[in-house]
>>> print(open('query02.json').read())   # JSON, N, CA and C atoms
[["chain", "number", "residue", "atom", "x", "y", "z"],
["A", 118, "MET", "N", 116.91, -173.73, -85.18],
["A", 118, "MET", "CA", 117.63, -172.48, -85.20],
["A", 118, "MET", "C", 118.30, -172.27, -83.84],
["A", 119, "TYR", "N", 119.51, -171.79, -83.86],
["A", 119, "TYR", "CA", 120.25, -171.54, -82.63],
["A", 119, "TYR", "C", 119.74, -170.27, -81.95],
["A", 120, "LYS", "N", 119.95, -170.24, -80.64],
["A", 120, "LYS", "CA", 119.52, -169.10, -79.85],
["A", 120, "LYS", "C", 120.72, -168.44, -79.19],
["A", 121, "ILE", "N", 120.51, -167.22, -78.69],
["A", 121, "ILE", "CA", 121.56, -166.45, -78.01],
["A", 121, "ILE", "C", 121.04, -166.05, -76.63],
["A", 122, "ALA", "N", 121.87, -166.24, -75.62],
["A", 122, "ALA", "CA", 121.51, -165.86, -74.25],
["A", 122, "ALA", "C", 122.56, -164.92, -73.69],
["A", 123, "VAL", "N", 122.18, -164.20, -72.66],
["A", 123, "VAL", "CA", 123.11, -163.32, -71.95],
["A", 123, "VAL", "C", 122.86, -163.52, -70.46],
["A", 124, "MET", "N", 123.95, -163.77, -69.71],
["A", 124, "MET", "CA", 123.86, -164.04, -68.28],
["A", 124, "MET", "C", 124.60, -162.98, -67.48],
["A", 125, "GLY", "N", 124.07, -162.65, -66.33],
["A", 125, "GLY", "CA", 124.72, -161.70, -65.44],
["A", 125, "GLY", "C", 123.72, -161.07, -64.51],
["A", 126, "ASP", "N", 124.13, -160.01, -63.85],
["A", 126, "ASP", "CA", 123.22, -159.31, -62.95],
["A", 126, "ASP", "C", 122.16, -158.58, -63.78],
["A", 127, "ARG", "N", 121.00, -158.39, -63.19],
["A", 127, "ARG", "CA", 119.85, -157.82, -63.89],
["A", 127, "ARG", "C", 120.16, -156.48, -64.55],
["A", 128, "ASP", "N", 120.85, -155.61, -63.87],
["A", 128, "ASP", "CA", 121.15, -154.28, -64.42],
["A", 128, "ASP", "C", 122.00, -154.36, -65.69],
["A", 129, "SER", "N", 122.85, -155.36, -65.77],
["A", 129, "SER", "CA", 123.77, -155.48, -66.91],
["A", 129, "SER", "C", 123.13, -156.11, -68.13],
["A", 130, "ILE", "N", 122.11, -156.96, -67.93],
["A", 130, "ILE", "CA", 121.59, -157.74, -69.07],
["A", 130, "ILE", "C", 120.19, -157.36, -69.51],
["A", 131, "TYR", "N", 119.52, -156.52, -68.73],
["A", 131, "TYR", "CA", 118.12, -156.21, -68.98],
["A", 131, "TYR", "C", 117.85, -155.77, -70.43],
["A", 132, "GLY", "N", 118.67, -154.90, -70.98],
["A", 132, "GLY", "CA", 118.43, -154.36, -72.31],
["A", 132, "GLY", "C", 118.62, -155.33, -73.46],
["A", 133, "PHE", "N", 119.29, -156.45, -73.22],
["A", 133, "PHE", "CA", 119.56, -157.39, -74.30],
["A", 133, "PHE", "C", 118.30, -158.10, -74.81],
["A", 134, "ALA", "N", 117.26, -158.14, -74.00],
["A", 134, "ALA", "CA", 116.00, -158.76, -74.43],
["A", 134, "ALA", "C", 115.43, -158.03, -75.64],
["A", 135, "ALA", "N", 115.64, -156.73, -75.73],
["A", 135, "ALA", "CA", 115.15, -155.95, -76.86],
["A", 135, "ALA", "C", 115.83, -156.36, -78.17],
["A", 136, "LEU", "N", 116.99, -157.00, -78.06],
["A", 136, "LEU", "CA", 117.72, -157.47, -79.25],
["A", 136, "LEU", "C", 117.38, -158.91, -79.61],
["A", 137, "GLY", "N", 116.44, -159.51, -78.87],
["A", 137, "GLY", "CA", 116.02, -160.87, -79.16],
["A", 137, "GLY", "C", 116.81, -161.93, -78.43],
["A", 138, "MET", "N", 117.68, -161.52, -77.52],
["A", 138, "MET", "CA", 118.45, -162.48, -76.73],
["A", 138, "MET", "C", 117.65, -162.89, -75.50],
["A", 139, "THR", "N", 117.98, -164.06, -74.98],
["A", 139, "THR", "CA", 117.34, -164.54, -73.77],
["A", 139, "THR", "C", 118.15, -164.06, -72.57],
["A", 140, "PRO", "N", 117.59, -163.16, -71.75],
["A", 140, "PRO", "CA", 118.32, -162.70, -70.57],
["A", 140, "PRO", "C", 118.17, -163.71, -69.43],
["A", 141, "VAL", "N", 119.27, -164.00, -68.76],
["A", 141, "VAL", "CA", 119.26, -164.90, -67.60],
["A", 141, "VAL", "C", 119.92, -164.14, -66.46],
["A", 142, "ALA", "N", 119.09, -163.56, -65.61],
["A", 142, "ALA", "CA", 119.59, -162.78, -64.48],
["A", 142, "ALA", "C", 119.99, -163.72, -63.36],
["A", 143, "GLU", "N", 121.28, -163.72, -63.04],
["A", 143, "GLU", "CA", 121.79, -164.61, -61.99],
["A", 143, "GLU", "C", 123.05, -164.01, -61.39],
["A", 144, "THR", "N", 123.15, -164.07, -60.07],
["A", 144, "THR", "CA", 124.35, -163.61, -59.39],
["A", 144, "THR", "C", 124.94, -164.69, -58.49],
["A", 145, "ASP", "N", 124.16, -165.71, -58.18],
["A", 145, "ASP", "CA", 124.66, -166.81, -57.36],
["A", 145, "ASP", "C", 125.51, -167.74, -58.21],
["A", 146, "PRO", "N", 126.78, -167.96, -57.85],
["A", 146, "PRO", "CA", 127.67, -168.78, -58.69],
["A", 146, "PRO", "C", 127.17, -170.21, -58.92],
["A", 147, "ALA", "N", 126.66, -170.86, -57.91],
["A", 147, "ALA", "CA", 126.21, -172.25, -58.07],
["A", 147, "ALA", "C", 125.03, -172.32, -59.03],
["A", 148, "ALA", "N", 124.06, -171.43, -58.86],
["A", 148, "ALA", "CA", 122.90, -171.41, -59.75],
["A", 148, "ALA", "C", 123.30, -171.00, -61.16],
["A", 149, "ALA", "N", 124.24, -170.07, -61.27],
["A", 149, "ALA", "CA", 124.70, -169.63, -62.59],
["A", 149, "ALA", "C", 125.39, -170.76, -63.34],
["A", 150, "GLY", "N", 126.18, -171.56, -62.64],
["A", 150, "GLY", "CA", 126.82, -172.70, -63.28],
["A", 150, "GLY", "C", 125.81, -173.69, -63.82],
["A", 151, "ARG", "N", 124.77, -173.96, -63.03],
["A", 151, "ARG", "CA", 123.72, -174.88, -63.47],
["A", 151, "ARG", "C", 122.97, -174.30, -64.68],
["A", 152, "LYS", "N", 122.68, -173.00, -64.64],
["A", 152, "LYS", "CA", 121.96, -172.38, -65.75],
["A", 152, "LYS", "C", 122.80, -172.34, -67.02],
["A", 153, "LEU", "N", 124.11, -172.14, -66.88],
["A", 153, "LEU", "CA", 124.99, -172.17, -68.04],
["A", 153, "LEU", "C", 124.95, -173.54, -68.70],
["A", 154, "ARG", "N", 125.03, -174.60, -67.89],
["A", 154, "ARG", "CA", 124.93, -175.95, -68.43],
["A", 154, "ARG", "C", 123.60, -176.18, -69.13],
["A", 155, "LYS", "N", 122.52, -175.71, -68.52],
["A", 155, "LYS", "CA", 121.19, -175.89, -69.10],
["A", 155, "LYS", "C", 121.08, -175.15, -70.44],
["A", 156, "LEU", "N", 121.61, -173.94, -70.52],
["A", 156, "LEU", "CA", 121.60, -173.19, -71.78],
["A", 156, "LEU", "C", 122.43, -173.91, -72.84],
["A", 157, "ALA", "N", 123.61, -174.39, -72.45],
["A", 157, "ALA", "CA", 124.50, -175.07, -73.39],
["A", 157, "ALA", "C", 123.85, -176.33, -73.96],
["A", 158, "GLU", "N", 123.09, -177.00, -73.15],
["A", 158, "GLU", "CA", 122.42, -178.23, -73.60],
["A", 158, "GLU", "C", 121.07, -177.94, -74.26],
["A", 159, "GLY", "N", 120.64, -176.68, -74.20],
["A", 159, "GLY", "CA", 119.32, -176.32, -74.71],
["A", 159, "GLY", "C", 119.30, -175.64, -76.06],
["A", 160, "GLY", "N", 120.35, -175.79, -76.84],
["A", 160, "GLY", "CA", 120.34, -175.26, -78.19],
["A", 160, "GLY", "C", 120.82, -173.82, -78.33],
["A", 161, "TYR", "N", 121.51, -173.32, -77.33],
["A", 161, "TYR", "CA", 122.06, -171.96, -77.43],
["A", 161, "TYR", "C", 123.45, -172.04, -78.06],
["A", 162, "ALA", "N", 123.66, -171.26, -79.12],
["A", 162, "ALA", "CA", 124.94, -171.26, -79.82],
["A", 162, "ALA", "C", 125.91, -170.24, -79.24],
["A", 163, "VAL", "N", 125.37, -169.14, -78.71],
["A", 163, "VAL", "CA", 126.19, -168.09, -78.14],
["A", 163, "VAL", "C", 125.61, -167.73, -76.77],
["A", 164, "ILE", "N", 126.49, -167.70, -75.78],
["A", 164, "ILE", "CA", 126.09, -167.30, -74.43],
["A", 164, "ILE", "C", 127.05, -166.22, -73.98],
["A", 165, "TYR", "N", 126.53, -165.01, -73.84],
["A", 165, "TYR", "CA", 127.32, -163.91, -73.32],
["A", 165, "TYR", "C", 127.22, -163.94, -71.80],
["A", 166, "VAL", "N", 128.35, -163.76, -71.13],
["A", 166, "VAL", "CA", 128.39, -163.77, -69.67],
["A", 166, "VAL", "C", 129.14, -162.52, -69.22],
["A", 167, "THR", "N", 128.59, -161.81, -68.25],
["A", 167, "THR", "CA", 129.29, -160.64, -67.75],
["A", 167, "THR", "C", 130.60, -161.07, -67.10],
["A", 168, "GLU", "N", 131.59, -160.20, -67.19],
["A", 168, "GLU", "CA", 132.91, -160.52, -66.65],
["A", 168, "GLU", "C", 132.86, -160.81, -65.15],
["A", 169, "ALA", "N", 132.03, -160.08, -64.42],
["A", 169, "ALA", "CA", 131.93, -160.29, -62.97],
["A", 169, "ALA", "C", 131.39, -161.68, -62.66],
["A", 170, "LEU", "N", 130.37, -162.12, -63.37],
["A", 170, "LEU", "CA", 129.82, -163.46, -63.15],
["A", 170, "LEU", "C", 130.79, -164.52, -63.63],
["A", 171, "ALA", "N", 131.45, -164.28, -64.75],
["A", 171, "ALA", "CA", 132.41, -165.25, -65.29],
["A", 171, "ALA", "C", 133.53, -165.55, -64.31],
["A", 172, "ALA", "N", 133.96, -164.53, -63.56],
["A", 172, "ALA", "CA", 135.03, -164.73, -62.58],
["A", 172, "ALA", "C", 134.59, -165.70, -61.49],
["A", 173, "GLN", "N", 133.30, -165.81, -61.24],
["A", 173, "GLN", "CA", 132.78, -166.69, -60.21],
["A", 173, "GLN", "C", 132.49, -168.10, -60.70],
["A", 174, "ILE", "N", 132.34, -168.28, -62.01],
["A", 174, "ILE", "CA", 131.99, -169.60, -62.55],
["A", 174, "ILE", "C", 133.03, -170.08, -63.57],
["A", 175, "GLU", "N", 134.26, -169.70, -63.37],
["A", 175, "GLU", "CA", 135.34, -170.04, -64.30],
["A", 175, "GLU", "C", 135.42, -171.53, -64.65],
["A", 176, "PRO", "N", 135.36, -172.45, -63.67],
["A", 176, "PRO", "CA", 135.44, -173.87, -64.03],
["A", 176, "PRO", "C", 134.33, -174.32, -64.98],
["A", 177, "GLU", "N", 133.15, -173.77, -64.79],
["A", 177, "GLU", "CA", 132.03, -174.14, -65.66],
["A", 177, "GLU", "C", 132.25, -173.59, -67.07],
["A", 178, "ILE", "N", 132.74, -172.37, -67.18],
["A", 178, "ILE", "CA", 133.00, -171.78, -68.49],
["A", 178, "ILE", "C", 134.11, -172.54, -69.20],
["A", 179, "ASP", "N", 135.11, -172.99, -68.46],
["A", 179, "ASP", "CA", 136.22, -173.74, -69.07],
["A", 179, "ASP", "C", 135.75, -175.01, -69.76],
["A", 180, "ARG", "N", 134.65, -175.58, -69.33],
["A", 180, "ARG", "CA", 134.11, -176.79, -69.97],
["A", 180, "ARG", "C", 133.78, -176.55, -71.44],
["A", 181, "TYR", "N", 133.50, -175.30, -71.79],
["A", 181, "TYR", "CA", 133.05, -174.98, -73.15],
["A", 181, "TYR", "C", 134.09, -174.26, -73.98],
["A", 182, "ARG", "N", 135.28, -174.04, -73.45],
["A", 182, "ARG", "CA", 136.33, -173.30, -74.17],
["A", 182, "ARG", "C", 136.73, -173.97, -75.48],
["A", 183, "GLU", "N", 136.90, -175.26, -75.46],
["A", 183, "GLU", "CA", 137.36, -175.98, -76.65],
["A", 183, "GLU", "C", 136.22, -176.54, -77.49],
["A", 184, "ALA", "N", 135.00, -176.46, -76.98],
["A", 184, "ALA", "CA", 133.85, -176.98, -77.72],
["A", 184, "ALA", "C", 133.47, -176.04, -78.85],
["A", 185, "GLY", "N", 132.90, -176.59, -79.88],
["A", 185, "GLY", "CA", 132.44, -175.76, -80.99],
["A", 185, "GLY", "C", 131.27, -174.89, -80.59],
["A", 186, "LEU", "N", 130.32, -175.49, -79.93],
["A", 186, "LEU", "CA", 129.15, -174.76, -79.44],
["A", 186, "LEU", "C", 128.89, -175.17, -77.99],
["A", 187, "PRO", "N", 128.44, -174.30, -77.20],
["A", 187, "PRO", "CA", 128.20, -172.89, -77.44],
["A", 187, "PRO", "C", 129.48, -172.08, -77.31],
["A", 188, "ALA", "N", 129.47, -170.92, -77.93],
["A", 188, "ALA", "CA", 130.56, -169.97, -77.74],
["A", 188, "ALA", "C", 130.20, -169.15, -76.51],
["A", 189, "VAL", "N", 131.05, -169.17, -75.50],
["A", 189, "VAL", "CA", 130.82, -168.39, -74.29],
["A", 189, "VAL", "C", 131.72, -167.16, -74.39],
["A", 190, "ILE", "N", 131.10, -166.00, -74.45],
["A", 190, "ILE", "CA", 131.81, -164.76, -74.69],
["A", 190, "ILE", "C", 131.60, -163.83, -73.50],
["A", 191, "LEU", "N", 132.69, -163.30, -72.96],
["A", 191, "LEU", "CA", 132.61, -162.41, -71.81],
["A", 191, "LEU", "C", 132.38, -160.98, -72.26],
["A", 192, "ILE", "N", 131.51, -160.30, -71.55],
["A", 192, "ILE", "CA", 131.19, -158.91, -71.84],
["A", 192, "ILE", "C", 131.29, -158.10, -70.55],
["A", 193, "PRO", "N", 131.57, -156.81, -70.66],
["A", 193, "PRO", "CA", 131.58, -155.98, -69.45],
["A", 193, "PRO", "C", 130.16, -155.82, -68.91],
["A", 194, "GLY", "N", 130.06, -155.63, -67.61],
["A", 194, "GLY", "CA", 128.76, -155.43, -67.00],
["A", 194, "GLY", "C", 128.48, -153.95, -66.79],
["A", 195, "ALA", "N", 127.35, -153.67, -66.18],
["A", 195, "ALA", "CA", 126.93, -152.29, -65.92],
["A", 195, "ALA", "C", 127.84, -151.60, -64.91],
["A", 196, "TYR", "N", 128.58, -152.38, -64.14],
["A", 196, "TYR", "CA", 129.39, -151.81, -63.06],
["A", 196, "TYR", "C", 130.87, -151.71, -63.41],
["A", 197, "GLY", "N", 131.20, -151.89, -64.68],
["A", 197, "GLY", "CA", 132.59, -151.68, -65.08],
["A", 197, "GLY", "C", 133.16, -152.81, -65.91],
["A", 198, "ASN", "N", 134.29, -152.51, -66.49],
["A", 198, "ASN", "CA", 134.99, -153.43, -67.38],
["A", 198, "ASN", "C", 136.28, -153.86, -66.69],
["A", 199, "THR", "N", 136.49, -155.17, -66.59],
["A", 199, "THR", "CA", 137.73, -155.65, -65.98],
["A", 199, "THR", "C", 138.80, -155.90, -67.03],
["A", 200, "GLY", "N", 138.44, -155.90, -68.30],
["A", 200, "GLY", "CA", 139.39, -156.17, -69.37],
["A", 200, "GLY", "C", 139.55, -157.65, -69.68],
["A", 201, "ARG", "N", 138.90, -158.48, -68.91],
["A", 201, "ARG", "CA", 139.05, -159.93, -69.10],
["A", 201, "ARG", "C", 138.50, -160.40, -70.44],
["A", 202, "GLY", "N", 137.38, -159.83, -70.86],
["A", 202, "GLY", "CA", 136.79, -160.21, -72.15],
["A", 202, "GLY", "C", 137.74, -159.94, -73.30],
["A", 203, "MET", "N", 138.38, -158.78, -73.29],
["A", 203, "MET", "CA", 139.33, -158.45, -74.36],
["A", 203, "MET", "C", 140.55, -159.35, -74.31],
["A", 204, "ARG", "N", 141.01, -159.70, -73.12],
["A", 204, "ARG", "CA", 142.15, -160.62, -73.01],
["A", 204, "ARG", "C", 141.80, -161.99, -73.60],
["A", 205, "ASP", "N", 140.57, -162.44, -73.37],
["A", 205, "ASP", "CA", 140.14, -163.72, -73.93],
["A", 205, "ASP", "C", 140.07, -163.67, -75.45],
["A", 206, "VAL", "N", 139.58, -162.56, -76.00],
["A", 206, "VAL", "CA", 139.54, -162.40, -77.46],
["A", 206, "VAL", "C", 140.96, -162.43, -78.01],
["A", 207, "LYS", "N", 141.86, -161.72, -77.36],
["A", 207, "LYS", "CA", 143.27, -161.68, -77.79],
["A", 207, "LYS", "C", 143.87, -163.08, -77.81],
["A", 208, "LYS", "N", 143.63, -163.86, -76.74],
["A", 208, "LYS", "CA", 144.16, -165.23, -76.69],
["A", 208, "LYS", "C", 143.58, -166.09, -77.80],
["A", 209, "SER", "N", 142.28, -165.94, -78.08],
["A", 209, "SER", "CA", 141.65, -166.73, -79.14],
["A", 209, "SER", "C", 142.23, -166.41, -80.50],
["A", 210, "VAL", "N", 142.45, -165.11, -80.77],
["A", 210, "VAL", "CA", 143.03, -164.70, -82.05],
["A", 210, "VAL", "C", 144.45, -165.22, -82.17],
["A", 211, "GLU", "N", 145.24, -165.10, -81.11],
["A", 211, "GLU", "CA", 146.61, -165.60, -81.15],
["A", 211, "GLU", "C", 146.65, -167.10, -81.41],
["A", 212, "LYS", "N", 145.74, -167.82, -80.80],
["A", 212, "LYS", "CA", 145.69, -169.28, -81.00],
["A", 212, "LYS", "C", 145.30, -169.62, -82.44],
["A", 213, "ALA", "N", 144.37, -168.84, -83.00],
["A", 213, "ALA", "CA", 143.89, -169.13, -84.35],
["A", 213, "ALA", "C", 144.90, -168.80, -85.44],
["A", 214, "VAL", "N", 145.62, -167.67, -85.29],
["A", 214, "VAL", "CA", 146.51, -167.23, -86.37],
["A", 214, "VAL", "C", 147.99, -167.32, -86.03],
["A", 215, "GLY", "N", 148.29, -167.57, -84.76],
["A", 215, "GLY", "CA", 149.69, -167.75, -84.37],
["A", 215, "GLY", "C", 150.41, -166.49, -83.92],
["A", 216, "SER", "N", 149.76, -165.35, -84.00],
["A", 216, "SER", "CA", 150.38, -164.12, -83.51],
["A", 216, "SER", "C", 149.30, -163.10, -83.17],
["A", 217, "ASP", "N", 149.70, -162.04, -82.50],
["A", 217, "ASP", "CA", 148.78, -161.00, -82.08],
["A", 217, "ASP", "C", 148.60, -159.99, -83.21],
["A", 218, "ILE", "N", 147.61, -160.22, -84.06],
["A", 218, "ILE", "CA", 147.40, -159.33, -85.21],
["A", 218, "ILE", "C", 146.44, -158.19, -84.89],
["A", 219, "ILE", "N", 145.75, -158.26, -83.75],
["A", 219, "ILE", "CA", 144.77, -157.22, -83.41],
["A", 219, "ILE", "C", 145.37, -156.13, -82.57],
["A", 220, "PHE", "N", 146.02, -156.52, -81.47],
["A", 220, "PHE", "CA", 146.48, -155.54, -80.49],
["A", 220, "PHE", "C", 147.96, -155.22, -80.59],
["A", 221, "GLY", "N", 148.71, -156.00, -81.32],
["A", 221, "GLY", "CA", 150.14, -155.74, -81.48],
["A", 221, "GLY", "C", 150.90, -155.75, -80.18],
["A", 222, "GLY", "N", 150.45, -156.56, -79.23],
["A", 222, "GLY", "CA", 151.14, -156.68, -77.96],
["A", 222, "GLY", "C", 150.84, -155.56, -76.97],
["A", 223, "SER", "N", 149.87, -154.71, -77.27],
["A", 223, "SER", "CA", 149.60, -153.56, -76.41],
["A", 223, "SER", "C", 148.60, -153.84, -75.30],
["A", 224, "LEU", "N", 148.00, -155.02, -75.26],
["A", 224, "LEU", "CA", 147.03, -155.32, -74.22],
["A", 224, "LEU", "C", 147.62, -156.19, -73.16]]
>>> encode(input="query02.json", output="C-alpha cells")
Amino acid sequence: MYKIAVMGDRDSIYGFAALGMTPVAETDPAAAGRKLRKLAEGGYAVIYVTEALAAQIEPEIDRYREAGLPAVILIPGAYGNTGRGMRDVKKSVEKAVGSDIIFGGSL
C-alpha cells in the first residue's frame, strides 16, 4: 500500500499526522533533499511539500516532475501562501488538456 508524507517546517505540518500522513519536519535544504529522495524510494506515492521548503530544494523536486510516482505537490505553509502551488497545478492542467480550463487565464 502506498503512503503519503508531508514535508516542511514543524508548525506547518504538525496537524497532518492526525490525517494518517507521515510528517517530516525539515528546514535545512540539504537534509530536506536527502529526505525527499528517501521518501520517494520508500514507497510514498504522494509527498506534500510546503512552498517555502520547495523553493529551497527545487532541483530535487524537479527529479520527480515527470515521474509517475511519487507525486510531489506544493502546499502553503503556516506562514503564508506564495501562490506557487496553484501555479504548478495550473501548469499541470494546461499540459494535460492543452488549455487553461480551471483559471481561464486569471492566475
>>> select_by_dssp(input="query02.json", residues="range 121-209 of chain A", states="helix (DSSP H, G or I)", output="VMD selection string")
chain A and resid 127 to 136 146 to 158 168 to 173 175 to 179 201 to 209
>>> residues_around(input="query02.json", residues="range 142-149 of chain A", least_positions_apart="6", cutoff="6.5 Å", atoms="only N, CA and C atoms", output="list in words")
Val123, Met124, Gly125, Asp126, Arg127, Gln173 and Ile174 of chain A
>>> atom_distance(input="query02.json", atom1="CA of Ala162 in chain A", atom2="CA of Met118 in chain A")
9.2 Å
>>> atom_distance(input="query02.json", atom1="atom N of Ser129 in chain A", atom2="atom C of Glu183 in chain A")
27.7 Å
>>> atom_distance(input="query02.json", atom1="CA of Tyr181 in chain A", atom2="atom N of Ile121 in chain A")
15.8 Å
>>> residues_around(input="query02.json", residues="Ala122 in chain A", least_positions_apart="4", cutoff="6.5 Å", atoms="all atoms listed in the file", output="PyMOL selection string")
chain A and resi 138-141+161-166
>>> closest_residue(input="query02.json", among="A:Pro193, A:Gly160, A:Gly150, A:Gly137", to="Ile178 in chain A", atoms="only N, CA and C atoms")
A:Gly150
>>> closest_residue(input="query02.json", among="A:Glu175, A:Thr167, A:Arg204, A:Ala157", to="Ala188 in chain A", atoms="all atoms listed in the file")
A:Ala157
>>> select_by_dssp(input="query02.json", residues="range 170-201 of chain A", states="strand (DSSP E)", output="list of chain:residue names")
A:Ala188, A:Val189, A:Ile190, A:Leu191, A:Ile192
>>> write_last_selection(input="query02.json", atoms="N, CA and C atoms", output="tab-separated table (two decimals), keeping the file's coordinate frame")
chain	number	residue	atom	x	y	z
A	188	ALA	N	129.47	-170.92	-77.93
A	188	ALA	CA	130.56	-169.97	-77.74
A	188	ALA	C	130.20	-169.15	-76.51
A	189	VAL	N	131.05	-169.17	-75.50
A	189	VAL	CA	130.82	-168.39	-74.29
A	189	VAL	C	131.72	-167.16	-74.39
A	190	ILE	N	131.10	-166.00	-74.45
A	190	ILE	CA	131.81	-164.76	-74.69
A	190	ILE	C	131.60	-163.83	-73.50
A	191	LEU	N	132.69	-163.30	-72.96
A	191	LEU	CA	132.61	-162.41	-71.81
A	191	LEU	C	132.38	-160.98	-72.26
A	192	ILE	N	131.51	-160.30	-71.55
A	192	ILE	CA	131.19	-158.91	-71.84
A	192	ILE	C	131.29	-158.10	-70.55
>>> closest_residue(input="query02.json", among="A:Leu153, A:Arg182, A:Leu170, A:Glu158", to="Gly194 in chain A", atoms="only N, CA and C atoms")
A:Leu170
>>> decode(input="query02.json", residues="range 140-161 of chain A", atoms="N, CA and C atoms", output="PDB file, in the first residue's frame")
ATOM      1  N   PRO A 140       4.522  12.987   8.861  1.00  0.00           N
ATOM      2  CA  PRO A 140       5.111  14.324   8.864  1.00  0.00           C
ATOM      3  C   PRO A 140       6.638  14.234   8.894  1.00  0.00           C
ATOM      4  N   VAL A 141       7.288  15.046   8.084  1.00  0.00           N
ATOM      5  CA  VAL A 141       8.751  15.109   8.046  1.00  0.00           C
ATOM      6  C   VAL A 141       9.124  16.570   8.247  1.00  0.00           C
ATOM      7  N   ALA A 142       9.456  16.912   9.482  1.00  0.00           N
ATOM      8  CA  ALA A 142       9.812  18.294   9.809  1.00  0.00           C
ATOM      9  C   ALA A 142      11.254  18.543   9.407  1.00  0.00           C
ATOM     10  N   GLU A 143      11.439  19.459   8.465  1.00  0.00           N
ATOM     11  CA  GLU A 143      12.787  19.763   7.975  1.00  0.00           C
ATOM     12  C   GLU A 143      12.810  21.176   7.423  1.00  0.00           C
ATOM     13  N   THR A 144      13.864  21.914   7.755  1.00  0.00           N
ATOM     14  CA  THR A 144      14.041  23.253   7.209  1.00  0.00           C
ATOM     15  C   THR A 144      15.388  23.412   6.514  1.00  0.00           C
ATOM     16  N   ASP A 145      16.314  22.501   6.778  1.00  0.00           N
ATOM     17  CA  ASP A 145      17.620  22.552   6.130  1.00  0.00           C
ATOM     18  C   ASP A 145      17.503  22.001   4.708  1.00  0.00           C
ATOM     19  N   PRO A 146      17.863  22.790   3.688  1.00  0.00           N
ATOM     20  CA  PRO A 146      17.680  22.338   2.295  1.00  0.00           C
ATOM     21  C   PRO A 146      18.433  21.045   1.950  1.00  0.00           C
ATOM     22  N   ALA A 147      19.654  20.900   2.399  1.00  0.00           N
ATOM     23  CA  ALA A 147      20.426  19.694   2.066  1.00  0.00           C
ATOM     24  C   ALA A 147      19.782  18.458   2.680  1.00  0.00           C
ATOM     25  N   ALA A 148      19.405  18.551   3.945  1.00  0.00           N
ATOM     26  CA  ALA A 148      18.760  17.417   4.612  1.00  0.00           C
ATOM     27  C   ALA A 148      17.391  17.137   4.007  1.00  0.00           C
ATOM     28  N   ALA A 149      16.673  18.191   3.638  1.00  0.00           N
ATOM     29  CA  ALA A 149      15.349  18.014   3.034  1.00  0.00           C
ATOM     30  C   ALA A 149      15.446  17.299   1.692  1.00  0.00           C
ATOM     31  N   GLY A 150      16.458  17.636   0.901  1.00  0.00           N
ATOM     32  CA  GLY A 150      16.654  16.957  -0.372  1.00  0.00           C
ATOM     33  C   GLY A 150      16.907  15.473  -0.185  1.00  0.00           C
ATOM     34  N   ARG A 151      17.739  15.148   0.797  1.00  0.00           N
ATOM     35  CA  ARG A 151      18.025  13.735   1.081  1.00  0.00           C
ATOM     36  C   ARG A 151      16.768  13.010   1.561  1.00  0.00           C
ATOM     37  N   LYS A 152      15.992  13.670   2.426  1.00  0.00           N
ATOM     38  CA  LYS A 152      14.772  13.040   2.940  1.00  0.00           C
ATOM     39  C   LYS A 152      13.729  12.859   1.846  1.00  0.00           C
ATOM     40  N   LEU A 153      13.642  13.810   0.916  1.00  0.00           N
ATOM     41  CA  LEU A 153      12.718  13.668  -0.205  1.00  0.00           C
ATOM     42  C   LEU A 153      13.079  12.439  -1.030  1.00  0.00           C
ATOM     43  N   ARG A 154      14.364  12.272  -1.323  1.00  0.00           N
ATOM     44  CA  ARG A 154      14.810  11.088  -2.058  1.00  0.00           C
ATOM     45  C   ARG A 154      14.472   9.811  -1.310  1.00  0.00           C
ATOM     46  N   LYS A 155      14.705   9.811  -0.001  1.00  0.00           N
ATOM     47  CA  LYS A 155      14.430   8.622   0.813  1.00  0.00           C
ATOM     48  C   LYS A 155      12.936   8.290   0.805  1.00  0.00           C
ATOM     49  N   LEU A 156      12.087   9.306   0.912  1.00  0.00           N
ATOM     50  CA  LEU A 156      10.641   9.075   0.856  1.00  0.00           C
ATOM     51  C   LEU A 156      10.230   8.539  -0.510  1.00  0.00           C
ATOM     52  N   ALA A 157      10.775   9.125  -1.570  1.00  0.00           N
ATOM     53  CA  ALA A 157      10.433   8.707  -2.935  1.00  0.00           C
ATOM     54  C   ALA A 157      10.818   7.251  -3.184  1.00  0.00           C
ATOM     55  N   GLU A 158      11.909   6.840  -2.604  1.00  0.00           N
ATOM     56  CA  GLU A 158      12.371   5.458  -2.779  1.00  0.00           C
ATOM     57  C   GLU A 158      11.742   4.509  -1.761  1.00  0.00           C
ATOM     58  N   GLY A 159      11.016   5.063  -0.799  1.00  0.00           N
ATOM     59  CA  GLY A 159      10.460   4.254   0.282  1.00  0.00           C
ATOM     60  C   GLY A 159       8.986   3.936   0.168  1.00  0.00           C
ATOM     61  N   GLY A 160       8.428   4.022  -1.016  1.00  0.00           N
ATOM     62  CA  GLY A 160       7.039   3.618  -1.208  1.00  0.00           C
ATOM     63  C   GLY A 160       6.008   4.703  -0.971  1.00  0.00           C
ATOM     64  N   TYR A 161       6.423   5.953  -0.969  1.00  0.00           N
ATOM     65  CA  TYR A 161       5.465   7.050  -0.816  1.00  0.00           C
ATOM     66  C   TYR A 161       4.959   7.458  -2.198  1.00  0.00           C
TER      67      TYR A 161
END
